[in-house]
Amino acid sequence: MRMPKKARTRLTTSVLAGSASLLFSAAALAQDCEVKVGMAGPLTGGASAWGLAMKTSMEFVAAKHNEAGGLPVGGKKCKVNVVTVDAQCSAAGGAAASNYLASQNVKILIGPVCSPETTGFQPLSNRHKQIFFNSSYKADAIGPDWPYGFHMHQGPKVFGPIIIKAGKDRFKFNTAVVMGPNDQGGTDSGNQSAAIYREIGVKTEVEWYQRGTTNFGPIAARIMAQNPDIVELAAMPPPDVTNLVRQLTQAGYNGLYGGMGGIGMEPVVQGAGGVEKIKGYFWLELMPVEDPGALKVREDYQRIMKSAPTTNAMLYTSTFAAENILRAVSLAGTDSDVDKLADVLRKTAPESEYFGKGCWRGKAQYGINQEFAFPVGMGVIQDGKRIGVERVNLPCES
Amino acid sequence: MAPDRHRDFWLDLWGMALLLPLLAMPLLFKDPFILSLTYQFAIGVAASLSVYVMLRMGLLSFTVPAFMAVGGYAAAMLAKSGVTEIMALMLASFVLPMIFAVPLGLLVLKLKGLYFIFITFIFNEILQLIIFETPKLTGGSDGVVGVPAATFLGADLGVPWRQVFATVAVCLIASVIAFAASHRYRAEFTSIEENETLAESLGVAVWKYRMIGYIVSAGVAGLAGLALVNMLGTAHPSSFASWSVNNYIAYVFVGGRGTVLGVVVGSYLLIYMTNVFNAYAHLSAGLFGLLLIAVMMAAPGGVVGTAVKLFGGFRADKGDAPRPAPAGGAA
Amino acid sequence: MSILSIESLFVRYGGITALNGVSVEVRQGETVLLIGSNGAGKSSLINAVTGLVSTSGGRILFEGRDLAGIPSAARSRLGIGYSPEGRRVFRSLTVRENVLSSTLGLSRAAAEENFAWACSIFPLLAERAGQPANQLSGGEQQIVALARAVSTLPKLLLLDEPFLGLAPVWIDRISDAIRELQRRGTTILMTEQMARPALKLVDRAYVMRGGEVRRSGDVAEIREEALAEEYL
Amino acid sequence: MVTFVSAGVIGLSMGAQYALIAIGFTLIFGILGVVNFAHGGFYVLGGYLAFTLSHVLGVPFVAAIVLATIATAAIGYVVEIVLVEKYVVDHLATMLITLGFYQILITAIVVFYGAEPMDFSFPITGSLRSGGIFVPYSNLIVFVVCGAAIAAVYWLVYRTRYGIALRAMADDGPVARSQGIPPATMFPMAFAIATGLAGLTGALVTPMLALDPHVGEGVLLKAFVVVILGGMGSIPGAMLAAFIVGLTEAYASVYLGGSKGALVLFVLVLVILLVRPQGIFGTEARKA
Amino acid sequence: MSAAVSTLRVERASKRFGGLKVFEDVSFSVPAGGVMGVIGPNGAGKTTLINVMCGMLTPTAGRILLDGNDITGRPFHAVSRAGVVRSFQQTNTFRSVSVEENLYRALKFNRLADGESLRMDDLLDEFGLTRHLAEPSDKLPYGHQKMLGLIMTLAARPRFLLLDEPAAGLERRERSNIDRFVDHARKVLGCGVLVVEHDMDLVKRICPHILVLESGRTLAEGPPGDVLARRDVIDAYLGTSAA
């Protein structure tokens with residue numbers, strides 16, 4: 001959990017960093033070798049927790065290389081610069097972000113995050129030839145239409161059946177309510193989860209609420225009236241999860257929770273008021289967060305960035321994506337020849353200093369093999385006890 | 001003659017003239033950032049002119065995103081159904097919002113001040129919810145995606161520079177309509193704003209002009225919606241979010257609420273700064289807020305309004321002409 | 001001794017010269033009347049003293065102190081009570097609240113004591129204490145406005161058109177109330193168009209017209225025929 | 001039946017919270033004529049201050065809430081003097097200025113605390129139960145505190161001379177000044193009371209709901225809805241409308257779902273306003 | 001265009017606001033080309049009477065007839081178009097714009113092609129406004145603003161003018177401008193004029209016929225010489241008291 005101890009220093013540093021980068025970008029940085037990578041995502045507004053987690057992860061990996069003297073590119077060691085842009089969680093913002101990064105000659109980036117952003121970004125990525133690693137749960141997050149689009153983690157369609165099946169085996173549930181906000185970010189993920197629950201024979205209702213709902217009391221009462229065995233929370237942003245679980249707990253809800261989309265453990269535990277209050281929760285971790293590699297990420301982050309890493313689950317996947325982006329630049333010997341970069345990416349299996357090797361997948365679902373296939377984690381809380389996060393291997397397709 | 005009327009006309013004309021270079025931008029530049037700014041400018045100006053038209057009568061309308069959505073979705077659905085001719089799209093996205101404006105206008109135009117603001121704001125919220133609740137018609141929260149590029153007399157406008165050009169052209173037409181209407185009815189509009197009772201005593205049918213203004217404002221917003229949809233290839237609810245109207249209103253006020261030039265300058269300034277700020281990640285919103293406060297405190301009449309006040313001779317306080325009664329005054 | 005002396009005061013707004021070098025004197029303990037028809041500048045003068053309109057020339061001395069630059073609220077606290085033209089009671093407040101509204105500068109005990117005192121002069125206040133002021137008749141509202149103005153025990157009471165729009169029976173009642181205040185030693189500067197009832201209440205009068213003082217003097221010197229001439 | 005009663009209980013609890021937020025909002029409007037776009041921001045600020053005090057500095061929860069309330073009030077006081085006072089005659093300028101301030105405030109919170117939701121929880125958990133009907137203790141406490149705060153505001157506004165002065169100010173500013181009511185102190189005080197109420201609500205409610213930098217927007221929207229429904233500037237109107245909105249939202253959400261429930265609420269508000277444009281307790285449409 | 005026996009008639013009109021009655025059962029008529037004065041102490045209901053006649057307010061009872069046609073309840077602007085035009089007590093110009101723009105607007109709002117020249121220029125010259133055409137109207141001396149507002153009413157080609165305290169705020173020497181304005185309106189447009197006024201000299205000068213309102217009732221009616229000498233009228237102004 002983040003404490004505001006160093007808040008003042010952080011404010012000062014970010015203001016300084018802001019003004020410094022203003023100066024530098026103006027002076028066009030006359031250094032002999034520089035690599036530019038980008039980040040686009042929601043940096044302001046309600047979804048900014050995700051965007052900011054991605055941003056800091058990208059900056060962390062870049063700083064790590066810079067600390068080691070630079071990223072080796074074609075025999076030289078290059079300074080890594082991260083260009084970030086706020087895509088504002090809207091389609092127009094996504095499009096503007098693509099244009100902005102193109103004008104900054106950024107050809108490879110991490111993001112966008114929100115489904116609307118991705119909707120706006122995708123068509124322009126073709127035009128500007130930008131490799132982007134998006135993390136949306138859009139049904140067509142990647143696809144043959146956007147050859148430079150990569151997906152930095154799998155969607156519910158991939159891990160969902162495995163984890164929900166495992167969950168069902170463990171907890172035996174027959175009725176489910178899938179919750180989500182009534183915008184694209186919510187419905188994309190919610191509908192996919194609902195489909196999977198239905199596929200394995202669980203009677204499933206979908207409940208949409210208005211984005212910006214401040215009090216989930218009434219919705220909790222509605223769920224209580226439906227009396228499901230399990231409430232699936234994956235489509236909700238973390239504060240909403242906490243809010244809903246709190247209301248459900250108080251309403252005397254005694255059922256299970258599912259977290260099929262990377263919300264992690266904290267929001268549910270926060271909401272329930274402690275692990276011991278939860279009858280059963282199984283959730284997806286986009287990375288196996290209890291592997292030693294994950295702990296190492298946090299350690300290194302703290303050391304290099306001089307601040308605590310975010311609690312957001314996106315930290316690990318973003319770090320993984322950032323590592324692979326820089327690795328591809330290094331291998332391809334360029335940060336601007338997009339086709340060469342894409343080629344390198346497709347041909348080499350993804351690999352991480354922290355998490356080891358992965359592979360590519362996506363052909364069957366999206367028609368294009370550009371999604372990281374990497375073991376995910378399945379976390380379980382049962383009868384008030386944290387059972388742990390176990391590694392779940394996902395099939396490669398390459 | 002009347003120097004003030006003419007000066008305002010010239011200021012408005014200068015505003016329109018400042019829009020023309022936007023047409024040249026796609027021909028001259030390839031830099032995507034410049035092109036991106038170009039179409040954002042064009043759409044921003046058209047949307048804020050929709051606010052401006054109503055503001056000429058002293059009404060601050062928050063319905064702009066809703067009308068933009070009506071126009072944008074109309075165009076998207078039409079294009080999806082195979083009609084991609086931009087003239088037809090423009091007709092649809094101009095006329096349909098105007099038709100919507102008639103019953104809405106009958107409902108709200110008797111209101112004034114904050115009640116008008118709040119009710120028009122509620123329209124936006126309702127529209128967002130209606131879009132969500134009608135997935136068959138509007139694509140719900142996913143919006144209408146894969147909208148084919150518009151054509152002009154059979155020529156494909158999908159090529160990037162043409163797309164920007166077409167967007168700018170649509171917005172320019174919208175701006176000309178707003179400009180023309182605000183001039184055709186300038187005397188009536190500004191009289192209603194300044195002294196409604198006197199205007200009425202001289203025979204002005206106030207409700208009629210309010211309705212005309214509202215309808216024109218709706219049509220102009222609809223065209224801006226078309227431009228946005230054409231640019232993104234998507235009619236997406238996030239493009240028409242309620243809070244986006246705050247931006248358009250800020251453009252008008254920061255530039256100067258009295259003239260088209262003010263609207264154009266405000267839009268250019270704030271859209272450019274937003275793009276610059278967006279690179280400052282999570283600080284961007286705060287920087288925008290700082291800019292807003294700085295301008296409102298340093299130049300309460302907006303940039304143009306204040307410049308006119310400083311350099312523009314006798315007709316000083318046009319930019320912020322009729323100040324509302326002081327708080328707690330006889331209400 | 002002069003409690004209020006106004007020296008060649010000018011007030012201009014919106015192109016109108018409302019006061020054109022007017023001098024008025026009010027001495028401790030007396031009641032002075034400003035009389036004249038609409039637009040004579042009576043209310044402008046009163047409002048210049050309360051600070052609600054700004055002056056563009058001349059001086060206003062209250063107990064020898066120049067009021068220039070002192071905000072309206074502070075003038076009230078110096079001891080200037082004011083009952084505005086048209087009464088302007090706080091419509092959403094009750095009668096009691098109206099009377100207490102001006103007592104912010106006093107201690108609670110003092111405020112309550114003064115309210116009780118006002119009730120003793122105007123029994124109506126006690127009867128209607130809890131009623132919203134907008135439910136009262138014009139005459140009753142005038143009583144409330146008067147009570148509001150005197151509940152701070154001001155050194156000088158400014159009374160702007162207390163009879164405006166009132167029926168004769170109410171004019172008498174308001175007159176009685178003013179007499180009661182006089183008995184208790186209140187110094188009053190009042191304006192009125194209704195010359196006859198007003199003149200019965202005052203020691204001296206200034207006849208105003210077109211922003212200027214046309215004549216002034218003791219009540220005996222102001223003849224009715226002359227007044228009729230000013231009006232009709 | 002159980003659901004019906006539960007929804008009612010929840011609706012009342014939400015109504016109390018909305019009332020507290022909306023009273024402040026309407027107070028500022030009624031007295032200064034300012035639409036405070038930063039009102040939701042003060043709610044968020046109250047939450048973060050209470051969180052910092054109680055969870056970081058270890059101040060007892062009750063004291064943390066009191067301190068957070070006082071601090072938001074103090075900040076509101078300063079904001080009025082520095083940003084609002086000079087532009088108070090121009091509704092539109094103050095609208096944009098408070099909007100700008102809101103954005104700065106939220107950005108500062110993101111910089112200090114990050115965008116992640118805080119682990120801020122109410123010290124008391126559990127529910128009062130009876131035959132399937134439940135009332136969470138936290139809700140009960142919030143309801144009681146909100147009720148007490150509303151009563152306190154009511155007392156302040158309707159039973160003290162200070163409150164009389166505030167209402168007199170809202171009723172007829174110039175006459176109020178002439179009766180010795182100084183705007184230079186009343187305006188910032190009114191602003192401080194209002195922002196203090198928002199801060200109190202935030203401090204009290206965010207541990208029960210959720211605390212992240214952006215929860216203020218939904219709150220501001222609710223304040224809008226309540227205040228127009230009740231009549232701009234009317235405190236009793238805001239109280240009544242808050243409960244109408246709370247109950248409507250609760251019942252519509254429970255029986256129709258969250259999304260349709262919101263639609264029902266907005267349409268209801270629209271219909272009421274078309275029948276009674278000045279709001280339930282509004283007297284006349286004030287020009288802006 | 002003006003009919004031979006054109007009149008503006010108020011028939012048994014009453015107006016109340018809630019429980020408060022402003023005037024009751026007032027009847028009179030203004031003949032074309034005639035000038036009628038309405039006087040009375042403050043609060044007598046004079047301005048409300050004009051508001052009712054011009055369509056800004058609807059009377060609680062009674063009718064307003066223009067040439068025998070009922071115009072009661074017609075919208076304000078429509079009454080103006082029909083030829084019953086009012087002026088305002090306070091400044092009655094568009095303050096932020098120039099004199100010329102004010103006149104331009106007034107004419108633009110009433111594109112009435114027919115009819116002889118309004119000869120507004122004569123009045124502008126006469127009242128010294130010609131050299132101020134380019135100035136914003138709120139920078140003019142009050143007297144000029146007031147006259148400008150009156151001239152603007154002519155643009156509507158009124159057949160009946162309702163003047164609400166035209167002389168209020170004017171300096172003594174400027175008041176004869178009102179006489180000339182009324183004269184002009186009658187000569188050029190054949191206007192009937194109703195004047196609410198406190199300046200009795202002016203009333204005596206221009207009104208052959210006056211009506212005295214007191215507390216919402218007609219107290220007296222007739223030629224000013226007779227009416228103003230009446231005891232009850234003097235009492236109404238100076239007040240009476242039982243004491």
# chains A, B, ... in the order shown; residues from 1 in each chain; ligands from 1
$ closest_atom_pairs --of "chain A" --to "chain D" --cutoff "8 Å" --atoms "only C-alpha atoms" --output "tab-separated table"
residue	atom	partner	partner_atom	distance
A:Met1	CA	D:Asp119	CA	7.5
A:Arg2	CA	D:Tyr113	CA	7.0
A:Met3	CA	D:Tyr113	CA	7.1
A:Pro4	CA	D:Tyr113	CA	5.8
A:Ala7	CA	D:Phe112	CA	4.8
A:Arg8	CA	D:Phe112	CA	7.1
A:Arg10	CA	D:Phe112	CA	7.2
A:Leu11	CA	D:Val111	CA	6.0
A:Gly45	CA	D:His214	CA	6.3
A:Gly46	CA	D:His214	CA	5.4
A:Ser48	CA	D:Ala115	CA	6.2
A:Ala49	CA	D:Ala115	CA	4.6
A:Leu52	CA	D:Ala115	CA	7.4
A:Asn182	CA	D:Ser259	CA	6.7
A:Glu207	CA	D:Gly257	CA	6.7
A:Trp208	CA	D:Ser259	CA	5.7
A:Tyr209	CA	D:Gly258	CA	3.9
A:Gln210	CA	D:Ser259	CA	4.8
A:Gly212	CA	D:Gly218	CA	5.0
A:Thr213	CA	D:Gly218	CA	6.3
A:Thr214	CA	D:Gly218	CA	6.1
A:Asn215	CA	D:Leu209	CA	6.3
A:Phe216	CA	D:Leu209	CA	7.7
A:Gly217	CA	D:Ile10	CA	6.1
A:Pro218	CA	D:Ala250	CA	4.9
A:Ile219	CA	D:Val254	CA	5.8
A:Ala221	CA	D:Val254	CA	6.3
A:Arg222	CA	D:Val254	CA	4.6
A:Ala225	CA	D:Thr3	CA	6.5
A:Pro238	CA	D:Pro117	CA	7.0
A:Pro239	CA	D:Ala210	CA	5.5
A:Asp240	CA	D:Ala210	CA	7.1
A:Thr242	CA	D:Ala210	CA	6.3
A:Asn243	CA	D:Leu209	CA	4.6
A:Leu244	CA	D:Leu209	CA	7.8
A:Arg246	CA	D:Leu209	CA	7.1
A:Gln247	CA	D:Leu209	CA	7.8
A:Gln250	CA	D:Pro136	CA	5.5
A:Ala251	CA	D:Phe134	CA	6.2
A:Gly252	CA	D:Phe134	CA	7.7
A:Gln270	CA	D:Asp119	CA	6.1
A:Gly273	CA	D:Ser121	CA	7.4
A:Thr310	CA	D:Glu116	CA	7.8
A:Thr311	CA	D:Glu116	CA	7.6
A:Asn312	CA	D:Glu116	CA	7.2
$ interface_residues --of "chain D" --to "chain C" --cutoff "12 Å" --atoms "only C-alpha atoms" --output "ChimeraX atom specification"
/D:157-186,233-236,281-283
$ write_last_selection --atoms "N, CA and C atoms" --output "CSV table (one decimal), in the first residue's frame"
chain,number,residue,atom,x,y,z
D,157,VAL,N,-28.2,27.4,10.5
D,157,VAL,CA,-28.8,28.3,9.5
D,157,VAL,C,-30.1,28.8,10.0
D,158,TYR,N,-30.9,28.0,10.8
D,158,TYR,CA,-32.2,28.5,11.2
D,158,TYR,C,-32.3,28.9,12.6
D,159,ARG,N,-31.3,28.7,13.4
D,159,ARG,CA,-31.4,29.0,14.9
D,159,ARG,C,-30.4,30.0,15.4
D,160,THR,N,-29.4,30.3,14.6
D,160,THR,CA,-28.4,31.2,15.1
D,160,THR,C,-28.5,32.5,14.3
D,161,ARG,N,-28.0,33.6,15.0
D,161,ARG,CA,-28.0,34.9,14.3
D,161,ARG,C,-27.0,34.8,13.1
D,162,TYR,N,-26.0,34.0,13.2
D,162,TYR,CA,-25.1,33.8,12.0
D,162,TYR,C,-25.9,33.2,10.8
D,163,GLY,N,-26.7,32.2,11.1
D,163,GLY,CA,-27.5,31.6,10.0
D,163,GLY,C,-28.5,32.6,9.5
D,164,ILE,N,-29.1,33.4,10.4
D,164,ILE,CA,-30.1,34.4,10.0
D,164,ILE,C,-29.4,35.4,9.0
D,165,ALA,N,-28.1,35.7,9.4
D,165,ALA,CA,-27.4,36.6,8.5
D,165,ALA,C,-27.1,36.0,7.2
D,166,LEU,N,-26.8,34.7,7.2
D,166,LEU,CA,-26.5,34.0,5.9
D,166,LEU,C,-27.7,34.1,5.0
D,167,ARG,N,-28.9,33.8,5.6
D,167,ARG,CA,-30.1,33.7,4.8
D,167,ARG,C,-30.5,35.1,4.3
D,168,ALA,N,-30.3,36.1,5.2
D,168,ALA,CA,-30.6,37.5,4.8
D,168,ALA,C,-29.7,37.9,3.6
D,169,MET,N,-28.5,37.4,3.7
D,169,MET,CA,-27.5,37.7,2.6
D,169,MET,C,-28.0,37.1,1.3
D,170,ALA,N,-28.5,35.9,1.4
D,170,ALA,CA,-29.0,35.2,0.2
D,170,ALA,C,-30.3,35.9,-0.3
D,171,ASP,N,-31.1,36.4,0.6
D,171,ASP,CA,-32.4,37.0,0.3
D,171,ASP,C,-32.2,38.3,-0.4
D,172,ASP,N,-31.4,39.2,0.2
D,172,ASP,CA,-31.3,40.6,-0.4
D,172,ASP,C,-29.9,41.1,0.1
D,173,GLY,N,-28.9,40.9,-0.8
D,173,GLY,CA,-27.5,41.2,-0.4
D,173,GLY,C,-27.3,42.6,0.0
D,174,PRO,N,-27.7,43.6,-0.8
D,174,PRO,CA,-27.5,45.0,-0.4
D,174,PRO,C,-28.1,45.4,0.9
D,175,VAL,N,-29.4,45.0,1.1
D,175,VAL,CA,-30.0,45.4,2.4
D,175,VAL,C,-29.3,44.7,3.5
D,176,ALA,N,-28.9,43.4,3.3
D,176,ALA,CA,-28.2,42.7,4.4
D,176,ALA,C,-26.9,43.5,4.8
D,177,ARG,N,-26.2,44.0,3.8
D,177,ARG,CA,-25.0,44.8,4.1
D,177,ARG,C,-25.4,46.0,4.9
D,178,SER,N,-26.5,46.6,4.5
D,178,SER,CA,-26.8,47.8,5.2
D,178,SER,C,-27.3,47.5,6.7
D,179,GLN,N,-27.6,46.3,6.9
D,179,GLN,CA,-28.0,45.9,8.3
D,179,GLN,C,-26.8,45.4,9.1
D,180,GLY,N,-25.6,45.6,8.6
D,180,GLY,CA,-24.4,45.3,9.4
D,180,GLY,C,-23.9,43.9,9.1
D,181,ILE,N,-24.3,43.2,8.0
D,181,ILE,CA,-23.9,41.9,7.7
D,181,ILE,C,-22.7,42.0,6.7
D,182,PRO,N,-21.5,41.8,7.1
D,182,PRO,CA,-20.4,42.0,6.3
D,182,PRO,C,-20.1,40.9,5.3
D,183,PRO,N,-20.2,41.2,4.0
D,183,PRO,CA,-19.9,40.1,3.0
D,183,PRO,C,-18.5,39.6,3.1
D,184,ALA,N,-17.6,40.5,3.4
D,184,ALA,CA,-16.2,40.1,3.4
D,184,ALA,C,-15.9,38.9,4.4
D,185,THR,N,-16.7,38.8,5.4
D,185,THR,CA,-16.5,37.6,6.3
D,185,THR,C,-17.5,36.6,6.0
D,186,MET,N,-18.8,37.0,5.6
D,186,MET,CA,-19.8,36.0,5.4
D,186,MET,C,-19.5,35.1,4.2
D,233,GLY,N,-30.5,27.0,-4.4
D,233,GLY,CA,-30.3,27.9,-3.2
D,233,GLY,C,-31.2,27.6,-2.1
D,234,SER,N,-32.1,26.6,-2.2
D,234,SER,CA,-33.1,26.3,-1.1
D,234,SER,C,-32.6,25.2,-0.3
D,235,ILE,N,-32.3,25.4,1.0
D,235,ILE,CA,-31.8,24.4,1.8
D,235,ILE,C,-32.9,23.3,2.2
D,236,PRO,N,-34.1,23.7,2.5
D,236,PRO,CA,-35.1,22.6,2.7
D,236,PRO,C,-35.3,21.9,1.4
D,281,PHE,N,-38.7,23.6,-4.2
D,281,PHE,CA,-38.8,24.7,-3.2
D,281,PHE,C,-38.3,26.0,-3.8
D,282,GLY,N,-38.0,26.0,-5.1
D,282,GLY,CA,-37.4,27.2,-5.6
D,282,GLY,C,-38.5,28.3,-5.8
D,283,THR,N,-38.2,29.5,-5.7
D,283,THR,CA,-39.2,30.5,-5.8
D,283,THR,C,-39.2,31.1,-7.2
$ interface_residues --of "chain A" --to "chain B" --cutoff "7 Å" --atoms "only C-alpha atoms" --output "list of chain:residue names"
A:Gly18, A:Leu43, A:Thr44, A:Thr84, A:Val85, A:Asp86, A:Ser90, A:Ala91, A:Ala92, A:Ala95, A:Ala96, A:Asn99, A:Tyr100, A:Ala102, A:Ser103, A:Pro116, A:Gly120, A:Asn182, A:Asp183, A:Gln184
$ select_by_dssp --residues "stretch 8-65 of chain D" --states "alpha helix (DSSP H)" --output "PyMOL selection string"
chain D and resi 8-32+39-51+61-65
$ interface_residues --of "chain B" --to "chain D" --cutoff "9 Å" --atoms "only C-alpha atoms" --output "compact mmCIF listing (two decimals) with C-alpha atoms, in the first residue's frame"
# COMPACT_ATOMS: atom_id res chain seq x y z
CA GLY B 58 -27.07 34.68 -23.07
CA LEU B 59 -27.95 30.98 -22.86
CA LEU B 107 -39.38 22.05 -23.40
CA VAL B 108 -36.38 24.03 -22.23
CA LEU B 111 -35.90 28.34 -18.82
CA LYS B 112 -33.03 30.65 -18.18
CA GLY B 113 -29.72 30.80 -16.44
CA LEU B 114 -28.63 27.86 -14.37
CA TYR B 115 -31.84 25.92 -14.83
CA PHE B 118 -28.58 21.97 -15.73
CA ILE B 119 -31.44 20.66 -17.80
CA ILE B 122 -29.12 16.21 -17.98
CA PHE B 123 -29.96 15.66 -21.66
CA GLU B 125 -26.57 12.01 -19.37
CA ILE B 126 -29.86 10.68 -20.65
CA LEU B 129 -27.80 6.00 -21.12
CA ILE B 130 -30.11 5.70 -24.12
CA PHE B 132 -26.20 2.12 -23.86
CA GLU B 133 -29.72 0.76 -23.63
CA ASN B 246 -16.80 21.72 -20.37
CA ILE B 249 -17.32 26.07 -23.03
CA ALA B 250 -13.80 26.70 -21.80
CA PHE B 253 -14.71 31.72 -22.49
CA HIS B 282 -0.98 12.73 -14.90
CA LEU B 283 -0.12 16.40 -14.52
CA SER B 284 -2.05 17.32 -17.65
CA ALA B 285 -5.40 17.89 -15.98
CA GLY B 286 -3.82 20.07 -13.33
CA LEU B 287 -1.94 22.12 -15.90
CA PHE B 288 -5.17 22.62 -17.83
CA GLY B 289 -6.84 23.76 -14.62
CA LEU B 290 -4.02 26.16 -13.93
CA LEU B 291 -4.31 27.61 -17.41
CA LEU B 292 -8.06 27.99 -17.01
CA ILE B 293 -7.70 29.87 -13.74
CA ALA B 294 -4.84 31.98 -15.03
CA MET B 296 -10.01 33.74 -16.22
CA MET B 297 -8.20 35.78 -13.59
CA PRO B 300 -11.90 37.85 -17.51
CA ARG B 323 -22.43 41.01 -16.35
CA PRO B 324 -25.07 39.26 -14.34
CA ALA B 325 -26.48 40.98 -11.34
CA PRO B 326 -24.27 40.76 -8.29
CA ALA B 327 -24.89 37.81 -6.04
CA GLY B 328 -27.61 38.43 -3.58
CA GLY B 329 -28.92 41.25 -5.68
CA ALA B 330 -32.61 41.54 -6.19
CA ALA B 331 -33.32 38.19 -7.77
$ closest_residue --among "B:Val216, B:Val263, B:Ile271, B:Glu193" --to "chain E" --atoms "only C-alpha atoms"
B:Glu193
$ residues_around --residues "C:Leu45" --least-positions-apart "3" --cutoff "10 Å" --atoms "only C-alpha atoms" --output "list in words"
Ile6, Leu9, Phe10, Val11, Ala18, Leu19, Val22, Ser23, Val24, Leu34, Ala40, Gly41, Lys42, Ala48, Val49, Thr50, Gly51, Val53, Thr55, Asp160, Thr191 and Gly211 of chain C
$ residues_around --residues "stretch 189-191 of chain D" --least-positions-apart "2" --cutoff "6 Å" --atoms "only C-alpha atoms" --output "list in words"
Ile28, Gly76, Met186, Phe187, Ile193 and Ala194 of chain D
$ residues_around --residues "stretch 102-104 of chain E" --least-positions-apart "4" --cutoff "12 Å" --atoms "only C-alpha atoms" --output "ChimeraX atom specification"
/B:1-2,4-5,186-188,190-191,194-195,198-199,202 /E:92-98,108-111,120-121,124,129-130,132-138,145,147-156
$ interface_residues --of "chain E" --to "chain B" --cutoff "6 Å" --atoms "only C-alpha atoms" --output "PyMOL selection string"
chain E and resi 77+80-81+100+105
$ residues_around --residues "B:Leu157" --least-positions-apart "4" --cutoff "12 Å" --atoms "only C-alpha atoms" --output "number ranges by chain"
B: 84-86, 148-153, 161-167, 169, 230-231, 233
$ interface_residues --of "chain C" --to "chain E" --cutoff "10 Å" --atoms "only C-alpha atoms" --output "ChimeraX atom specification"
/C:13-18,37-41,86,135,137-138,163-173,175-176,192-200,209-211,224,227-232
$ residues_around --residues "A:Pro161" --least-positions-apart "2" --cutoff "9 Å" --atoms "only C-alpha atoms" --output "list in words"
Pro156, Lys157, Val158, Phe159, Ile163, Ile164, Lys165, Ala166, Ser193, Ile196, Tyr197, Glu199 and Ile200 of chain A
$ select_by_dssp --residues "stretch 7-256 of chain D" --states "strand (DSSP E or B)" --output "PyMOL selection string"
chain D and resi 127-130+133-136
$ atom_distance --atom1 "atom CA of B:Leu127" --atom2 "atom CA of A:Gly93"
20.7 Å
$ atom_distance --atom1 "atom CA of A:Glu205" --atom2 "atom CA of A:Met260"
15.7 Å
